[in-house]
Every structure is written in C-alpha cells, then in structure tokens.
$ cat protein_22.cif   # mmCIF, C-alpha atoms
data_model
#
loop_
_atom_site.label_atom_id
_atom_site.label_comp_id
_atom_site.auth_asym_id
_atom_site.auth_seq_id
_atom_site.Cartn_x
_atom_site.Cartn_y
_atom_site.Cartn_z
CA MET A 1 81.06 50.73 7.23
CA SER A 2 80.16 53.17 10.05
CA GLY A 3 82.67 55.37 11.73
CA GLY A 4 82.48 53.26 14.97
CA GLY A 5 83.88 50.24 13.28
CA GLY A 6 80.55 48.25 13.47
CA ARG A 7 79.02 46.52 10.47
CA ASN A 8 75.70 47.40 8.85
CA TRP A 9 73.86 44.27 7.76
CA ARG A 10 71.33 44.38 4.99
CA LEU A 11 69.12 41.50 3.90
CA VAL A 12 69.35 40.91 0.26
CA ARG A 13 66.90 38.65 -1.58
CA ALA A 14 68.91 36.15 -3.47
CA ASN A 15 68.25 35.89 -7.12
CA THR A 16 66.56 32.58 -7.95
CA ASP A 17 69.42 31.89 -10.26
CA ALA A 18 71.60 31.78 -7.17
CA VAL A 19 69.64 28.72 -5.87
CA PRO A 20 70.78 25.48 -7.41
CA SER A 21 68.27 23.88 -9.72
CA SER A 22 68.29 20.67 -7.71
CA ALA A 23 67.23 22.60 -4.61
CA ARG A 24 64.45 24.34 -6.54
CA ARG A 25 63.12 21.01 -7.79
CA PHE A 26 63.23 19.59 -4.28
CA MET A 27 61.22 22.53 -2.87
CA ALA A 28 58.67 22.33 -5.72
CA ARG A 29 58.14 18.63 -5.07
CA ALA A 30 57.76 19.35 -1.36
CA ARG A 31 55.06 21.94 -2.08
CA GLN A 32 53.23 19.51 -4.35
CA ARG A 33 53.34 16.82 -1.68
CA ARG A 34 51.86 19.22 0.87
CA LEU A 35 49.10 20.21 -1.55
CA ARG A 36 48.30 16.59 -2.36
CA ALA A 37 48.12 15.78 1.37
CA VAL A 38 45.77 18.68 2.11
CA LEU A 39 43.57 18.44 -1.02
CA PRO A 40 41.51 15.34 0.00
CA TRP A 41 40.73 16.91 3.36
CA ALA A 42 39.69 20.14 1.71
CA ILE A 43 37.44 18.28 -0.72
CA ALA A 44 35.94 16.18 2.08
CA ALA A 45 35.25 19.28 4.13
CA GLY A 46 33.56 20.95 1.16
CA VAL A 47 31.43 17.89 0.43
CA ALA A 48 30.45 17.57 4.10
CA LEU A 49 29.48 21.24 4.12
CA VAL A 50 27.30 20.82 1.02
CA ILE A 51 25.67 17.64 2.35
CA GLY A 52 25.06 19.25 5.72
CA GLY A 53 23.41 22.19 4.01
CA LEU A 54 21.18 19.94 1.94
CA VAL A 55 20.18 17.85 4.96
CA TRP A 56 19.30 21.00 6.85
CA VAL A 57 17.19 22.27 3.94
CA VAL A 58 15.38 18.91 3.55
CA TYR A 59 14.85 18.05 7.21
CA GLY A 60 15.06 21.28 9.10
CA THR A 61 13.29 23.95 7.06
CA PRO A 62 9.76 24.40 5.67
CA LEU A 63 11.14 24.75 2.15
CA LEU A 64 10.27 21.10 1.29
CA SER A 65 7.33 20.67 3.65
CA VAL A 66 3.99 18.99 2.95
CA ARG A 67 1.65 21.35 1.13
CA ASN A 68 -0.59 18.92 -0.73
CA VAL A 69 -2.09 15.45 -0.17
CA GLN A 70 -3.05 13.66 -3.39
CA VAL A 71 -5.52 10.77 -3.01
CA VAL A 72 -5.62 8.18 -5.80
CA GLY A 73 -7.86 5.16 -6.42
CA VAL A 74 -10.97 5.95 -4.38
CA GLN A 75 -14.34 4.78 -5.68
CA PHE A 76 -16.96 4.86 -2.93
CA LEU A 77 -14.77 6.69 -0.46
CA THR A 78 -14.14 10.38 -1.06
CA PRO A 79 -10.68 11.99 -1.14
CA LEU A 80 -11.72 14.07 1.87
CA GLN A 81 -12.48 10.93 3.91
CA VAL A 82 -9.03 9.57 3.13
CA GLU A 83 -7.32 12.89 3.90
CA GLU A 84 -9.08 13.14 7.24
CA ALA A 85 -8.08 9.58 8.14
CA ALA A 86 -4.49 10.18 7.04
CA ALA A 87 -4.25 13.21 9.35
CA VAL A 88 -1.11 14.45 7.62
CA PRO A 89 0.51 17.35 9.52
CA MET A 90 0.79 20.05 6.89
CA GLU A 91 3.96 22.14 6.75
CA GLU A 92 5.98 19.32 8.28
CA PRO A 93 9.14 18.55 6.28
CA LEU A 94 8.20 15.87 3.76
CA ALA A 95 11.36 13.88 4.51
CA ARG A 96 10.47 13.60 8.21
CA LEU A 97 6.92 12.39 7.65
CA ASP A 98 6.20 8.91 9.10
CA LEU A 99 4.78 7.08 6.08
CA ASP A 100 3.99 3.92 8.06
CA ALA A 101 1.89 5.90 10.52
CA VAL A 102 -0.06 7.55 7.69
CA ARG A 103 -0.53 4.17 6.02
CA GLY A 104 -1.83 2.66 9.25
CA ARG A 105 -4.36 5.43 9.79
CA VAL A 106 -5.75 5.14 6.26
CA ARG A 107 -5.77 1.34 6.54
CA GLY A 108 -8.11 1.81 9.49
CA LEU A 109 -10.91 2.80 7.12
CA ALA A 110 -13.19 -0.22 6.79
CA ALA A 111 -13.50 0.12 3.01
CA VAL A 112 -9.73 0.13 2.44
CA ASP A 113 -8.14 -3.15 1.41
CA ARG A 114 -4.62 -1.90 0.64
CA VAL A 115 -2.90 1.48 0.74
CA THR A 116 0.40 2.82 -0.53
CA VAL A 117 1.90 6.08 0.68
CA ARG A 118 4.79 7.80 -1.07
CA ARG A 119 6.52 11.16 -1.26
CA SER A 120 6.32 13.22 -4.43
CA TRP A 121 8.89 15.99 -4.26
CA PRO A 122 9.00 18.80 -3.60
CA SER A 123 5.86 19.05 -1.42
CA THR A 124 3.21 16.38 -2.17
CA LEU A 125 2.23 13.21 -0.33
CA VAL A 126 0.52 10.63 -2.56
CA VAL A 127 -1.93 8.22 -0.91
CA GLU A 128 -2.99 5.41 -3.25
CA VAL A 129 -5.96 3.39 -2.05
CA VAL A 130 -7.34 0.04 -3.21
CA GLU A 131 -10.86 -0.41 -1.88
CA ARG A 132 -12.42 -3.74 -0.95
CA THR A 133 -14.39 -5.54 -3.67
CA PRO A 134 -17.84 -6.71 -2.55
CA VAL A 135 -18.82 -10.32 -3.21
CA ALA A 136 -22.11 -10.45 -1.31
CA ALA A 137 -24.60 -8.31 0.58
CA VAL A 138 -25.69 -9.36 4.06
CA PRO A 139 -29.13 -8.25 5.33
CA THR A 140 -28.54 -6.64 8.73
CA ALA A 141 -31.76 -4.72 9.39
CA PRO A 142 -34.99 -3.95 7.57
CA GLY A 143 -34.00 -2.04 4.46
CA ARG A 144 -30.28 -2.18 5.32
CA LEU A 145 -27.56 -4.34 3.79
CA THR A 146 -23.86 -4.63 4.58
CA LEU A 147 -21.37 -5.40 1.82
CA ILE A 148 -18.63 -7.94 2.56
CA ASP A 149 -15.51 -8.79 0.60
CA ALA A 150 -14.01 -12.21 -0.23
CA SER A 151 -12.44 -12.39 3.24
CA GLY A 152 -15.79 -11.85 4.93
CA VAL A 153 -14.98 -8.34 6.12
CA PRO A 154 -18.13 -6.18 6.39
CA TYR A 155 -17.21 -2.67 5.34
CA ARG A 156 -20.06 -0.65 3.85
CA GLU A 157 -23.75 -0.26 4.57
CA VAL A 158 -26.20 0.29 1.71
CA SER A 159 -29.96 0.58 1.41
CA ARG A 160 -30.30 -1.28 -1.89
CA GLN A 161 -28.85 -4.55 -3.11
CA PRO A 162 -26.24 -3.77 -5.79
CA ASP A 163 -26.90 -5.27 -9.22
CA GLY A 164 -25.20 -8.61 -9.75
CA LEU A 165 -24.41 -9.10 -6.06
CA PRO A 166 -26.05 -12.06 -4.26
CA LEU A 167 -27.42 -11.99 -0.76
CA LEU A 168 -25.60 -13.92 1.96
CA ARG A 169 -27.70 -15.08 4.89
CA THR A 170 -25.86 -16.19 8.00
CA THR A 171 -26.28 -15.44 11.69
CA THR A 172 -23.00 -13.72 12.54
CA PRO A 173 -21.29 -12.60 9.33
CA GLY A 174 -17.59 -11.79 9.57
CA PRO A 175 -14.11 -13.07 8.75
CA ALA A 176 -13.94 -15.14 11.96
CA ASP A 177 -17.32 -16.80 11.44
CA VAL A 178 -17.05 -20.39 10.16
CA ASN A 179 -20.40 -20.21 8.37
CA THR A 180 -19.37 -17.06 6.56
CA ARG A 181 -16.06 -18.59 5.50
CA SER A 182 -17.76 -21.75 4.23
CA ALA A 183 -20.31 -19.77 2.23
CA LEU A 184 -17.58 -17.62 0.66
CA THR A 185 -15.58 -20.72 -0.28
CA VAL A 186 -18.61 -22.01 -2.15
CA LEU A 187 -19.26 -18.63 -3.70
CA GLY A 188 -15.70 -18.52 -5.04
CA ALA A 189 -16.08 -21.95 -6.66
CA LEU A 190 -19.30 -21.27 -8.59
CA SER A 191 -19.32 -21.50 -12.36
CA ALA A 192 -20.33 -18.50 -14.44
CA ASP A 193 -23.77 -20.07 -15.12
CA LEU A 194 -24.46 -20.67 -11.43
CA ARG A 195 -23.25 -17.23 -10.44
CA GLU A 196 -25.43 -15.60 -13.08
CA GLN A 197 -28.53 -17.31 -11.71
CA LEU A 198 -27.65 -17.02 -8.03
CA VAL A 199 -30.09 -14.98 -5.92
CA GLU A 200 -28.79 -15.77 -2.46
CA ILE A 201 -26.57 -18.17 -0.55
CA SER A 202 -27.37 -19.22 2.99
CA ALA A 203 -25.26 -20.97 5.61
CA ALA A 204 -27.17 -21.89 8.77
CA ALA A 205 -24.30 -24.23 9.61
CA PRO A 206 -21.05 -25.26 7.86
CA ALA A 207 -22.75 -28.37 6.43
CA GLN A 208 -26.05 -26.68 5.56
CA ILE A 209 -25.13 -24.41 2.67
CA LYS A 210 -27.89 -23.71 0.15
CA LEU A 211 -28.11 -21.72 -3.05
CA GLN A 212 -31.31 -20.00 -4.08
CA LEU A 213 -31.41 -19.60 -7.87
CA THR A 214 -33.70 -17.77 -10.25
CA LYS A 215 -37.02 -19.46 -11.14
CA ASP A 216 -37.34 -20.47 -7.49
CA ARG A 217 -34.84 -23.33 -7.75
CA LEU A 218 -32.80 -24.56 -4.80
CA VAL A 219 -29.37 -26.17 -4.72
CA LEU A 220 -28.53 -28.23 -1.62
CA TRP A 221 -24.76 -27.90 -1.35
CA GLY A 222 -23.94 -29.44 2.01
CA ASP A 223 -20.52 -28.36 3.28
CA ASP A 224 -17.81 -26.51 1.39
CA THR A 225 -15.72 -29.59 0.54
CA GLU A 226 -15.39 -30.60 -3.14
CA SER A 227 -16.95 -27.29 -4.11
CA THR A 228 -15.36 -27.23 -7.57
CA LEU A 229 -16.77 -30.67 -8.37
CA LYS A 230 -20.16 -29.76 -6.91
CA SER A 231 -20.22 -26.65 -9.07
CA GLN A 232 -19.49 -28.67 -12.20
CA VAL A 233 -22.22 -31.21 -11.39
CA ALA A 234 -24.81 -28.57 -10.49
CA THR A 235 -24.07 -26.64 -13.70
CA VAL A 236 -24.71 -29.75 -15.81
CA LEU A 237 -28.01 -30.41 -13.99
CA LEU A 238 -29.33 -26.86 -14.26
CA LYS A 239 -31.34 -27.58 -17.42
CA LYS A 240 -32.79 -30.80 -16.03
CA ALA A 241 -33.99 -29.64 -12.61
CA ASP A 242 -37.23 -27.80 -12.08
CA LYS A 243 -37.11 -27.25 -8.33
CA GLN A 244 -34.12 -28.72 -6.58
CA ILE A 245 -30.59 -30.01 -7.15
CA ASP A 246 -28.83 -31.88 -4.41
CA VAL A 247 -25.04 -32.04 -4.83
CA SER A 248 -24.15 -32.57 -1.17
CA ALA A 249 -22.82 -35.95 -2.35
CA PRO A 250 -21.54 -34.93 -5.82
CA SER A 251 -20.91 -38.49 -6.97
CA VAL A 252 -24.62 -39.32 -6.51
CA PRO A 253 -26.55 -36.08 -7.14
CA THR A 254 -30.31 -35.92 -7.22
CA ILE A 255 -32.77 -33.59 -8.90
CA ARG A 256 -36.48 -32.94 -8.84
#

$ encode --input "protein_22.cif" --output "structure tokens"
Amino acid sequence: MSGGGGRNWRLVRANTDAVPSSARRFMARARQRRLRAVLPWAIAAGVALVIGGLVWVVYGTPLLSVRNVQVVGVQFLTPLQVEEAAAVPMEEPLARLDLDAVRGRVRGLAAVDRVTVRRSWPSTLVVEVVERTPVAAVPTAPGRLTLIDASGVPYREVSRQPDGLPLLRTTTPGPADVNTRSALTVLGALSADLREQLVEISAAAPAQIKLQLTKDRLVLWGDDTESTLKSQVATVLLKKADKQIDVSAPSVPTIR
C-alpha cells in the first residue's frame, strides 16, 4: 500500500490452470464455431478472386489473343482466300471472337458448302471448309463453263470441261430454276452405265429432258418423274439401241 492509504492495482494474468476446464472447453468450441462460420466465406472469396483473375486474363488481355488462323479442307480455294473472307481481327482475345460471324463470312464464298469454326487454345482459330462437289458443267460463254453442285448452285468458272463431268444445257441454270432442278433429279437417278456414257443432259423444259450419250446416241427422258425406273429401262436397252432410246413412258419404251 501507499502512504496515502490508496490502493495500487496491478493486472495479473491468470494462470490457465485457474480457469475451469469446462470454461476452457466452452471457449474452444466457440472459437471453432466462429472459424467454421467464416471459412466458407473465405474460400468463396478466394475462388471468386481466382476466377475473376482467369476471366480477366482470357477476355481482357492479349495473352490469349488470336495469332494464327488455320484453314483446313480447301481443294480449289486457297487458304489465303478463306483467311481474307474470314476477316479475323488478329490480337483480339480468342474467347471474345464471334465464331458465327466468321462462319457467315466464309460461308459467303461461292465454293463453300459447309464451314466449321472452332477455337484451338491458346491462340489459334481453326476454319474447316467443305467445298461444293460439282455434278455438271454449264456452258455460259464461248470457252467458259460454270460448275454447279447437286443443288444447282453455280460456284466456279473454268475454261475446260473436267474429266468425268457431263455438260448441262439449260437456259437459266440455278437452284431456283425448275429446268435445272429437273435435270439434276434425273442426273442423280442415273445408273453407273448411263453415267459413264453420258456426254450431256439438256432440259429445254421440265418435260423435255434429253441425254446425249457416247456413240451419238440420244435418250428421250421426258420429265423427271419415275426417274429410277426410267434409268433401269434405259440401261437394259443400251446394248439394243443404235441411235435413240425413248423412256418418257417407261412401261412402253421404244428404241431405234
């Protein structure tokens, strides 16, 4: 004590042994409950931070940007033609690239039938092209031919008739032209023997389809109905006809 009669207080840390064991257990459980309550939020915050960082790297930085365009599947087209049509903005983040827009631009090339566009991480855009398959060549000008596919789409101009490809003669070739569609229906129904000997197919009108064969033989087909049956009948009569086969009425064909 001091001489003035006042008391001097001094804080003394109690020995843990002085705290009852039941109280210590209670406080330990309380700390554990607080930790368990905070832990999920801490984990969620950490995950959100990591995801946010990854999203920023992928979408907001040039680290994963387009640096290469790989063109696959071209035959007559060149990779450069496809790249120019695709008009891919280089250095744009690959994740932000509009694949549908790229696909639409490449699909605008007349020779392209189908196109697939996909990302190849970390920095390549793959453009896979399937070109149209020609089924006939249409004379369009002296010394010029236009190839058309099975849908009647004209897509490529050539100066020489490709081997194994017949000529198609019609006034206004195209997918919307009824004469073109009728001629292509017949062309698709021909047997291997008829196709091998076919020189040209003409369609002045939907019911005036004719086949010009080798050895100067002519097949009068009529319209495009019953084309499978007409093909079978004409194939059987090939060896018997010298000049002409008429299968416009396939149940009563004539030859000469």

$ residues_near_point --input "protein_22.cif" --point "(-27.3, -18.9, 7.5)" --cutoff "12 Å" --atoms "only C-alpha atoms" --output "number ranges by chain"
A: 138-139, 167-173, 177-184, 200-211

$ closest_residue --input "protein_22.cif" --among "A:Gln212, A:Gln81, A:Thr235, A:Gln161" --to "Val106 in chain A" --atoms "all atoms listed in the file"
A:Gln81

$ resolve_selection --input "protein_22.cif" --expression "the PyMOL selection byres ((chain A and resi 238) around 10)" --output "ChimeraX atom specification"
/A:193-194,197,213,217,219,233-237,239-245,255

$ write_last_selection --input "protein_22.cif" --atoms "C-alpha atoms" --output "PDB file, in the frame of the given file"
ATOM      1  CA  ASP A 193     -23.770 -20.070 -15.120  1.00  0.00           C
ATOM      2  CA  LEU A 194     -24.460 -20.670 -11.430  1.00  0.00           C
ATOM      3  CA  GLN A 197     -28.530 -17.310 -11.710  1.00  0.00           C
ATOM      4  CA  LEU A 213     -31.410 -19.600  -7.870  1.00  0.00           C
ATOM      5  CA  ARG A 217     -34.840 -23.330  -7.750  1.00  0.00           C
ATOM      6  CA  VAL A 219     -29.370 -26.170  -4.720  1.00  0.00           C
ATOM      7  CA  VAL A 233     -22.220 -31.210 -11.390  1.00  0.00           C
ATOM      8  CA  ALA A 234     -24.810 -28.570 -10.490  1.00  0.00           C
ATOM      9  CA  THR A 235     -24.070 -26.640 -13.700  1.00  0.00           C
ATOM     10  CA  VAL A 236     -24.710 -29.750 -15.810  1.00  0.00           C
ATOM     11  CA  LEU A 237     -28.010 -30.410 -13.990  1.00  0.00           C
ATOM     12  CA  LYS A 239     -31.340 -27.580 -17.420  1.00  0.00           C
ATOM     13  CA  LYS A 240     -32.790 -30.800 -16.030  1.00  0.00           C
ATOM     14  CA  ALA A 241     -33.990 -29.640 -12.610  1.00  0.00           C
ATOM     15  CA  ASP A 242     -37.230 -27.800 -12.080  1.00  0.00           C
ATOM     16  CA  LYS A 243     -37.110 -27.250  -8.330  1.00  0.00           C
ATOM     17  CA  GLN A 244     -34.120 -28.720  -6.580  1.00  0.00           C
ATOM     18  CA  ILE A 245     -30.590 -30.010  -7.150  1.00  0.00           C
ATOM     19  CA  ILE A 255     -32.770 -33.590  -8.900  1.00  0.00           C
TER      20      ILE A 255
END

$ closest_residue --input "protein_22.cif" --among "A:Asp246, A:Leu165, A:Thr133, A:Ala110" --to "Leu145 in chain A" --atoms "only C-alpha atoms"
A:Leu165

$ resolve_selection --input "protein_22.cif" --expression "the PyMOL selection byres ((chain A and resi 89) around 12)" --output "list in words"
Ser65, Val66, Arg67, Asn68, Val69, Glu83, Glu84, Ala85, Ala86, Ala87, Val88, Met90, Glu91, Glu92, Pro93, Leu94, Arg96, Leu97, Asp98, Leu99, Ala101, Val102 and Leu125 of chain A

$ closest_residue --input "protein_22.cif" --among "A:Asp216, A:Arg119, A:Asp100, A:Val127" --to "Gln70 in chain A" --atoms "only C-alpha atoms"
A:Val127

$ atom_distance --input "protein_22.cif" --atom1 "CA of Leu229 in chain A" --atom2 "CA of Arg256 in chain A"
19.8 Å

$ atom_distance --input "protein_22.cif" --atom1 "CA of Ala192 in chain A" --atom2 "CA of Pro154 in chain A"
24.3 Å

$ closest_atom_pairs --input "protein_22.cif" --of "range 48-135 of chain A" --to "range 149-152 of chain A" --cutoff "8 Å" --atoms "only C-alpha atoms" --output "CSV"
residue,atom,partner,partner_atom,distance
A:Arg132,CA,A:Asp149,CA,6.1
A:Thr133,CA,A:Asp149,CA,5.5
A:Pro134,CA,A:Asp149,CA,4.4
A:Val135,CA,A:Asp149,CA,5.3

$ closest_residue --input "protein_22.cif" --among "A:Gly143, A:Pro166, A:Pro122, A:Pro250" --to "Leu187 in chain A" --atoms "only C-alpha atoms"
A:Pro166

$ resolve_selection --input "protein_22.cif" --expression "the PyMOL selection byres ((chain A and resi 114) around 9)" --output "PDB file with C-alpha atoms, in the coordinates of the input"
ATOM      1  CA  ARG A 107      -5.770   1.340   6.540  1.00  0.00           C
ATOM      2  CA  VAL A 112      -9.730   0.130   2.440  1.00  0.00           C
ATOM      3  CA  ASP A 113      -8.140  -3.150   1.410  1.00  0.00           C
ATOM      4  CA  VAL A 115      -2.900   1.480   0.740  1.00  0.00           C
ATOM      5  CA  THR A 116       0.400   2.820  -0.530  1.00  0.00           C
ATOM      6  CA  GLU A 128      -2.990   5.410  -3.250  1.00  0.00           C
ATOM      7  CA  VAL A 129      -5.960   3.390  -2.050  1.00  0.00           C
ATOM      8  CA  VAL A 130      -7.340   0.040  -3.210  1.00  0.00           C
ATOM      9  CA  GLU A 131     -10.860  -0.410  -1.880  1.00  0.00           C
ATOM     10  CA  ARG A 132     -12.420  -3.740  -0.950  1.00  0.00           C
TER      11      ARG A 132
END

$ atom_distance --input "protein_22.cif" --atom1 "CA of Gln75 in chain A" --atom2 "CA of Thr124 in chain A"
21.3 Å

$ closest_residue --input "protein_22.cif" --among "A:Gln32, A:Leu190, A:Arg195, A:Thr214" --to "Glu226 in chain A" --atoms "only C-alpha atoms"
A:Leu190

$ decode --input "protein_22.cif" --residues "range 74-98 of chain A" --atoms "N, CA and C atoms" --output "short mmCIF file (atom, residue, chain, number, x, y, z; two decimals), in the first residue's frame"
data_model
loop_
_atom_site.label_atom_id
_atom_site.label_comp_id
_atom_site.auth_asym_id
_atom_site.auth_seq_id
_atom_site.Cartn_x
_atom_site.Cartn_y
_atom_site.Cartn_z
N VAL A 74 -9.49 -27.14 -97.76
CA VAL A 74 -9.63 -26.50 -99.07
C VAL A 74 -9.04 -27.38 -100.17
N GLN A 75 -9.66 -27.29 -101.36
CA GLN A 75 -9.17 -28.02 -102.52
C GLN A 75 -8.87 -27.04 -103.65
N PHE A 76 -9.92 -26.41 -104.17
CA PHE A 76 -9.72 -25.42 -105.23
C PHE A 76 -9.49 -24.03 -104.65
N LEU A 77 -10.14 -23.75 -103.54
CA LEU A 77 -9.87 -22.50 -102.85
C LEU A 77 -8.47 -22.54 -102.24
N THR A 78 -7.90 -21.40 -101.98
CA THR A 78 -6.61 -21.33 -101.29
C THR A 78 -6.84 -20.91 -99.85
N PRO A 79 -5.93 -21.29 -98.94
CA PRO A 79 -6.07 -20.83 -97.55
C PRO A 79 -6.14 -19.31 -97.44
N LEU A 80 -5.41 -18.60 -98.32
CA LEU A 80 -5.43 -17.15 -98.27
C LEU A 80 -6.83 -16.60 -98.60
N GLN A 81 -7.51 -17.21 -99.58
CA GLN A 81 -8.86 -16.77 -99.92
C GLN A 81 -9.80 -16.92 -98.73
N VAL A 82 -9.66 -18.04 -98.03
CA VAL A 82 -10.52 -18.27 -96.86
C VAL A 82 -10.17 -17.30 -95.74
N GLU A 83 -8.90 -17.08 -95.50
CA GLU A 83 -8.48 -16.13 -94.45
C GLU A 83 -9.00 -14.73 -94.74
N GLU A 84 -8.91 -14.31 -95.99
CA GLU A 84 -9.38 -12.98 -96.34
C GLU A 84 -10.89 -12.87 -96.15
N ALA A 85 -11.62 -13.92 -96.51
CA ALA A 85 -13.07 -13.89 -96.31
C ALA A 85 -13.43 -13.91 -94.83
N ALA A 86 -12.67 -14.66 -94.05
CA ALA A 86 -12.95 -14.76 -92.61
C ALA A 86 -12.74 -13.43 -91.91
N ALA A 87 -11.78 -12.65 -92.37
CA ALA A 87 -11.51 -11.32 -91.81
C ALA A 87 -11.41 -11.36 -90.29
N VAL A 88 -10.59 -12.26 -89.79
CA VAL A 88 -10.44 -12.43 -88.34
C VAL A 88 -9.58 -11.30 -87.79
N PRO A 89 -10.07 -10.55 -86.80
CA PRO A 89 -9.26 -9.48 -86.21
C PRO A 89 -8.15 -10.06 -85.34
N MET A 90 -6.94 -10.00 -85.83
CA MET A 90 -5.81 -10.56 -85.08
C MET A 90 -5.60 -9.76 -83.80
N GLU A 91 -5.04 -10.43 -82.82
CA GLU A 91 -4.76 -9.87 -81.50
C GLU A 91 -6.01 -9.64 -80.66
N GLU A 92 -7.18 -10.00 -81.19
CA GLU A 92 -8.38 -9.93 -80.35
C GLU A 92 -8.42 -11.17 -79.46
N PRO A 93 -8.83 -11.03 -78.19
CA PRO A 93 -8.89 -12.22 -77.33
C PRO A 93 -9.70 -13.33 -77.99
N LEU A 94 -9.14 -14.52 -78.03
CA LEU A 94 -9.77 -15.65 -78.71
C LEU A 94 -11.16 -15.94 -78.14
N ALA A 95 -11.32 -15.77 -76.83
CA ALA A 95 -12.60 -16.07 -76.20
C ALA A 95 -13.70 -15.11 -76.63
N ARG A 96 -13.34 -13.89 -77.03
CA ARG A 96 -14.33 -12.90 -77.40
C ARG A 96 -14.68 -12.91 -78.88
N LEU A 97 -14.01 -13.74 -79.64
CA LEU A 97 -14.22 -13.77 -81.08
C LEU A 97 -15.61 -14.32 -81.41
N ASP A 98 -16.32 -13.66 -82.31
CA ASP A 98 -17.67 -14.08 -82.74
C ASP A 98 -17.53 -15.16 -83.81
#
